[in-house]
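model36.txt follows; it contains compact mmCIF, C-alpha atoms.
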# COMPACT_ATOMS: atom_id res chain seq x y z
CA MET A 1 29.93 1.31 -12.10
CA ASN A 2 29.13 -2.12 -10.67
CA TRP A 3 26.49 -3.33 -13.13
CA PRO A 4 25.59 -6.64 -11.41
CA LEU A 5 24.94 -4.71 -8.19
CA TYR A 6 22.89 -2.14 -10.08
CA ILE A 7 20.74 -4.89 -11.64
CA SER A 8 20.11 -6.17 -8.12
CA LEU A 9 19.10 -2.66 -7.09
CA LEU A 10 16.82 -2.40 -10.10
CA TRP A 11 14.91 -5.54 -9.09
CA LEU A 12 14.60 -4.23 -5.54
CA VAL A 13 13.26 -0.90 -6.81
CA ILE A 14 10.64 -2.58 -9.00
CA ILE A 15 9.44 -4.84 -6.20
CA ALA A 16 9.41 -2.07 -3.60
CA SER A 17 7.65 0.40 -5.89
CA PHE A 18 4.80 -1.82 -7.09
CA THR A 19 4.04 -3.90 -3.99
CA PRO A 20 1.37 -2.77 -1.50
CA GLY A 21 2.36 -0.21 1.10
CA PRO A 22 1.17 3.04 2.68
CA ASN A 23 1.93 5.17 -0.40
CA ASN A 24 0.21 2.82 -2.83
CA PHE A 25 -2.82 2.28 -0.60
CA MET A 26 -3.17 6.04 -0.16
CA LEU A 27 -2.88 6.65 -3.90
CA MET A 28 -5.39 3.94 -4.70
CA SER A 29 -7.84 5.53 -2.29
CA SER A 30 -7.08 9.00 -3.68
CA GLY A 31 -7.75 7.78 -7.20
CA ALA A 32 -10.99 6.16 -6.07
CA LEU A 33 -12.19 9.18 -4.12
CA PHE A 34 -11.02 12.03 -6.35
CA GLY A 35 -10.05 10.55 -9.71
CA PHE A 36 -6.66 10.24 -11.40
CA ARG A 37 -6.24 13.85 -12.50
CA ARG A 38 -6.79 15.35 -9.03
CA SER A 39 -4.36 12.77 -7.59
CA ILE A 40 -1.44 13.88 -9.81
CA PRO A 41 0.06 16.22 -7.15
CA HIS A 42 -0.02 13.30 -4.72
CA ILE A 43 1.73 11.08 -7.29
CA LEU A 44 4.43 13.67 -7.93
CA GLY A 45 4.89 14.28 -4.20
CA VAL A 46 5.70 10.62 -3.62
CA ALA A 47 7.88 10.37 -6.73
CA PHE A 48 9.99 13.38 -5.69
CA GLY A 49 9.78 12.96 -1.91
CA PHE A 50 11.24 9.48 -1.63
CA PRO A 51 14.36 10.19 -3.75
CA VAL A 52 15.06 13.19 -1.51
CA LEU A 53 14.79 10.93 1.55
CA LEU A 54 17.04 8.33 -0.11
CA SER A 55 19.64 10.96 -0.99
CA ALA A 56 19.66 12.13 2.62
CA CYS A 57 20.37 8.55 3.71
CA VAL A 58 23.20 8.23 1.18
CA TYR A 59 24.77 11.41 2.54
CA GLY A 60 24.70 10.24 6.14
CA LEU A 61 21.20 10.07 7.58
CA GLY A 62 21.65 6.32 7.95
CA LEU A 63 24.62 6.82 10.27
CA LEU A 64 22.58 9.22 12.40
CA VAL A 65 19.79 6.67 12.78
CA GLU A 66 22.33 3.92 13.50
CA ASN A 67 23.76 5.98 16.35
CA ARG A 68 20.29 6.97 17.58
CA PRO A 69 18.00 3.97 16.97
CA TRP A 70 15.19 5.65 18.87
CA LEU A 71 14.69 7.88 15.81
CA LEU A 72 13.51 4.88 13.78
CA SER A 73 11.14 3.92 16.58
CA LEU A 74 9.79 7.47 16.56
CA VAL A 75 9.22 7.30 12.80
CA LYS A 76 7.35 4.02 13.23
CA ILE A 77 5.10 5.44 15.94
CA VAL A 78 4.33 8.67 14.06
CA GLY A 79 3.86 6.95 10.70
CA THR A 80 1.69 4.09 11.93
CA SER A 81 -0.41 6.47 14.03
CA TRP A 82 -1.09 8.58 10.95
CA MET A 83 -1.99 5.44 8.96
CA GLY A 84 -4.27 4.31 11.77
CA TRP A 85 -6.02 7.68 11.69
CA MET A 86 -6.54 7.31 7.93
CA ALA A 87 -7.95 3.80 8.48
CA VAL A 88 -10.44 5.21 10.99
CA LYS A 89 -11.46 7.84 8.41
CA PHE A 90 -12.29 5.09 5.94
CA PHE A 91 -14.30 3.14 8.52
CA LEU A 92 -16.22 6.29 9.45
CA GLY A 93 -16.78 6.96 5.76
CA ALA A 94 -18.35 3.50 5.40
CA TRP A 95 -20.56 4.18 8.42
CA HIS A 96 -21.60 7.54 6.97
CA ILE A 97 -22.57 5.97 3.62
CA ALA A 98 -24.48 3.18 5.39
CA ARG A 99 -26.54 5.75 7.30
CA GLU A 100 -27.29 7.62 4.08
CA GLU A 101 -28.39 4.36 2.46
CA LYS A 102 -30.86 3.89 5.31
CA GLY A 103 -32.22 7.36 4.65
CA GLU A 104 -30.92 8.90 7.87
CA SER A 105 -30.20 12.62 7.66
CA LEU A 106 -26.77 13.84 8.73
CA GLU A 107 -25.65 17.33 9.58
CA ARG A 108 -23.16 18.82 7.15
CA ASN A 109 -20.45 19.15 9.80
CA THR A 110 -20.61 15.45 10.71
CA LYS A 111 -19.39 14.20 7.37
CA THR A 112 -16.20 12.23 7.76
CA GLY A 113 -14.92 11.68 4.26
CA PRO A 114 -11.70 13.33 3.06
CA SER A 115 -12.44 16.72 1.49
CA ARG A 116 -9.50 16.81 -0.93
CA PRO A 117 -6.51 14.80 -2.18
CA LEU A 118 -3.07 15.39 -0.72
CA TYR A 119 -1.07 18.33 -2.01
CA PHE A 120 2.41 17.85 -3.48
CA HIS A 121 4.25 19.01 -0.36
CA GLU A 122 2.08 16.91 1.95
CA ALA A 123 2.79 13.73 -0.02
CA ALA A 124 6.51 14.56 -0.17
CA LEU A 125 6.75 15.24 3.58
CA PHE A 126 4.80 12.08 4.36
CA GLN A 127 7.78 10.04 3.11
CA TRP A 128 9.68 11.11 6.23
CA ALA A 129 6.91 9.67 8.43
CA ASN A 130 6.26 6.61 6.26
CA PRO A 131 7.91 3.65 8.02
CA LYS A 132 8.21 1.57 4.84
CA ALA A 133 9.84 4.45 2.96
CA VAL A 134 12.30 5.25 5.76
CA ILE A 135 13.33 1.62 6.24
CA MET A 136 13.68 1.13 2.48
CA ALA A 137 15.83 4.25 2.13
CA LEU A 138 18.09 3.27 5.02
CA THR A 139 18.46 -0.30 3.74
CA THR A 140 19.11 0.69 0.14
CA SER A 141 21.69 3.34 0.97
CA GLY A 142 23.63 0.79 3.04
CA LEU A 143 23.36 -2.31 0.87
CA TYR A 144 24.24 -0.67 -2.43
CA VAL A 145 27.11 1.57 -1.39
CA GLY A 146 29.34 -0.38 -3.81
CA ILE A 147 27.46 0.62 -6.96
CA VAL A 148 29.83 3.51 -7.59
CA GLU A 149 32.54 5.10 -5.48
CA ASN A 150 31.57 8.74 -5.99
CA ILE A 151 28.92 9.53 -3.39
CA HIS A 152 27.23 12.24 -5.48
CA LEU A 153 26.93 9.95 -8.49
CA ARG A 154 25.71 7.13 -6.24
CA ALA A 155 22.99 9.33 -4.77
CA ALA A 156 21.95 10.45 -8.27
CA ILE A 157 21.80 6.88 -9.63
CA MET A 158 19.82 5.50 -6.69
CA SER A 159 17.44 8.45 -6.49
CA GLY A 160 16.94 8.63 -10.25
CA THR A 161 16.12 4.93 -10.47
CA PHE A 162 13.60 5.15 -7.65
CA PHE A 163 12.07 8.30 -9.14
CA VAL A 164 11.32 6.63 -12.48
CA PHE A 165 9.72 3.53 -11.00
CA ALA A 166 7.97 5.38 -8.19
CA LEU A 167 6.35 7.60 -10.81
CA LEU A 168 5.20 4.54 -12.78
CA ALA A 169 4.02 2.56 -9.76
CA THR A 170 2.14 5.38 -8.05
CA GLY A 171 0.49 6.24 -11.35
CA VAL A 172 -0.66 2.64 -11.78
CA TRP A 173 -2.11 2.46 -8.27
CA ALA A 174 -3.88 5.80 -8.63
CA LEU A 175 -5.24 4.74 -12.01
CA ALA A 176 -6.47 1.47 -10.50
CA GLY A 177 -8.22 3.45 -7.81
CA SER A 178 -9.77 5.81 -10.33
CA THR A 179 -11.50 2.89 -12.04
CA LEU A 180 -13.38 2.40 -8.78
CA ASN A 181 -14.32 6.07 -8.57
CA ARG A 182 -17.94 5.54 -9.63
CA PHE A 183 -18.48 3.10 -6.78
CA MET A 184 -17.19 5.34 -4.01
CA SER A 185 -20.02 7.81 -3.59
CA HIS A 186 -22.96 5.52 -2.87
CA GLY A 187 -24.24 1.99 -2.43
CA ARG A 188 -22.93 -1.18 -0.86
CA ALA A 189 -19.86 -1.16 -3.10
CA ALA A 190 -18.82 2.16 -1.56
CA ILE A 191 -19.26 0.77 1.94
CA ALA A 192 -17.25 -2.36 1.11
CA LEU A 193 -14.47 -0.38 -0.59
CA ASN A 194 -14.11 2.02 2.34
CA ILE A 195 -13.93 -0.88 4.79
CA LEU A 196 -11.40 -2.69 2.60
CA MET A 197 -9.11 0.33 2.29
CA GLY A 198 -9.36 0.99 6.03
CA ALA A 199 -8.54 -2.64 6.83
CA LEU A 200 -5.54 -2.67 4.46
CA LEU A 201 -4.10 0.51 5.98
CA LEU A 202 -4.67 -0.73 9.53
CA ALA A 203 -3.12 -4.13 8.78
CA THR A 204 -0.07 -2.49 7.20
CA ALA A 205 0.34 -0.14 10.17
CA LEU A 206 0.17 -3.01 12.66
CA TYR A 207 2.61 -5.10 10.64
CA ILE A 208 5.16 -2.27 10.49
CA LEU A 209 4.68 -1.44 14.19
CA MET A 210 5.24 -5.05 15.25
CA ALA A 211 8.18 -5.67 12.90
Can you dump the structure from the file as structure tokens?
Amino acid sequence: MNWPLYISLLWLVIIASFTPGPNNFMLMSSGALFGFRRSIPHILGVAFGFPVLLSACVYGLGLLVENRPWLLSLVKIVGTSWMGWMAVKFFLGAWHIAREEKGESLERNTKTGPSRPLYFHEAALFQWANPKAVIMALTTSGLYVGIVENIHLRAAIMSGTFFVFALLATGVWALAGSTLNRFMSHGRAAIALNILMGALLLATALYILMA
């Protein structure tokens, strides 16, 4: 095993796992809206889903995308569209709370806030439409092919490393969001937090789309 190369991978994994991105923004919002415990399936879905995506890239998905670059463009469009839709949901949530603060009555079917956190399979499948995750998996599988010669061992090492730190990072972001849970249901803090989360998701989507 090439240890210097693995140390380089380790630093990349830490930075990629803990820095802001669609997964972490979504988990922060999930923690804020539903609490840490209800967000655990979402956390596990990300932690398991990305290593599966990475393993697929190690076994040849990267070559497929290289031969058909339009697939990456499709992922960007689908992923950023989904993130844009989530951003709109946050903005509408802020508008809904503002109307309630003014004492305006709303029909039950007009409420716009998310009704539940993501399930495990939804969070896992989202990795395949998450532009940051797809690009990271493709880049990592190509740059660190020299870690070990055996492809099965290489896939296990890369995926296992990402799993550990993805589990830690997503847990931290969800926990950070859960500390804001008491501010999400009412008041100006709830309005500001919904607008902030919507703006962060929209800015990330635009950045990825334009990159």
Env of Pro4 of chain A: 12 Å cut, atoms = only C-alpha atoms, seq-sep filter 2 positions within chain, self excluded. Answer as a list in words.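 My list of contacting residues is Met1, Asn2, Tyr6, Ile7, Ser8, Leu9, Leu10, Trp11, Tyr144, Gly146, Ile147 and Val148 of chain A.
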Pick out the closest residue to Ala129 of chain A from this set: A:Leu196, A:Met83, A:Ile191, A:Met28. Count all atoms listed in the file.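 For Ala129 of chain A, the nearest of the given residues is A:Met83.
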What separates atom CA of Pro131 of chain A and atom CA of Leu44 of chain A is a distance of 19.2 Å
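Using only C-alpha atoms, the smallest distance between any of A:His152, A:Gln127, A:Ala176, A:Ala192 and Val78 of chain A comes from A:Gln127.
Protein and nucleic acid residues near (25.2, 9.3, 4.6) are A:Leu53, A:Leu54, A:Ser55, A:Ala56, A:Cys57, A:Val58, A:Tyr59, A:Gly60, A:Leu61, A:Gly62, A:Leu63, A:Leu64, A:Val65, A:Glu66, A:Ala137, A:Leu138, A:Thr139, A:Thr140, A:Ser141, A:Gly142, A:Val145, A:Ile151, A:His152, A:Arg154, A:Ala155, the criterion being any atom at most 12 Å away using all atoms listed in the file.
Closest approach to Ala133 of chain A from the set A:Ala47, A:Ala94, A:Leu33, A:Ala87 is made by A:Ala47, with distances taken over all atoms listed in the file.
Closest approach to Leu5 of chain A among A:Met210, A:Leu143, A:Leu118, A:Leu71 is made by A:Leu143 (distances from only C-alpha atoms).
Counting all atoms listed in the file, the residue from A:Trp82, A:Phe90, A:Phe126, A:Trp173 that sits nearest to Ile40 of chain A is A:Trp173.
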Å distance separating atom CA of Ile157 of chain A from atom CA of Thr19 of chain A, one decimal place: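 According to the coordinates, atom CA of Ile157 of chain A and atom CA of Thr19 of chain A are separated by 21.5 Å.
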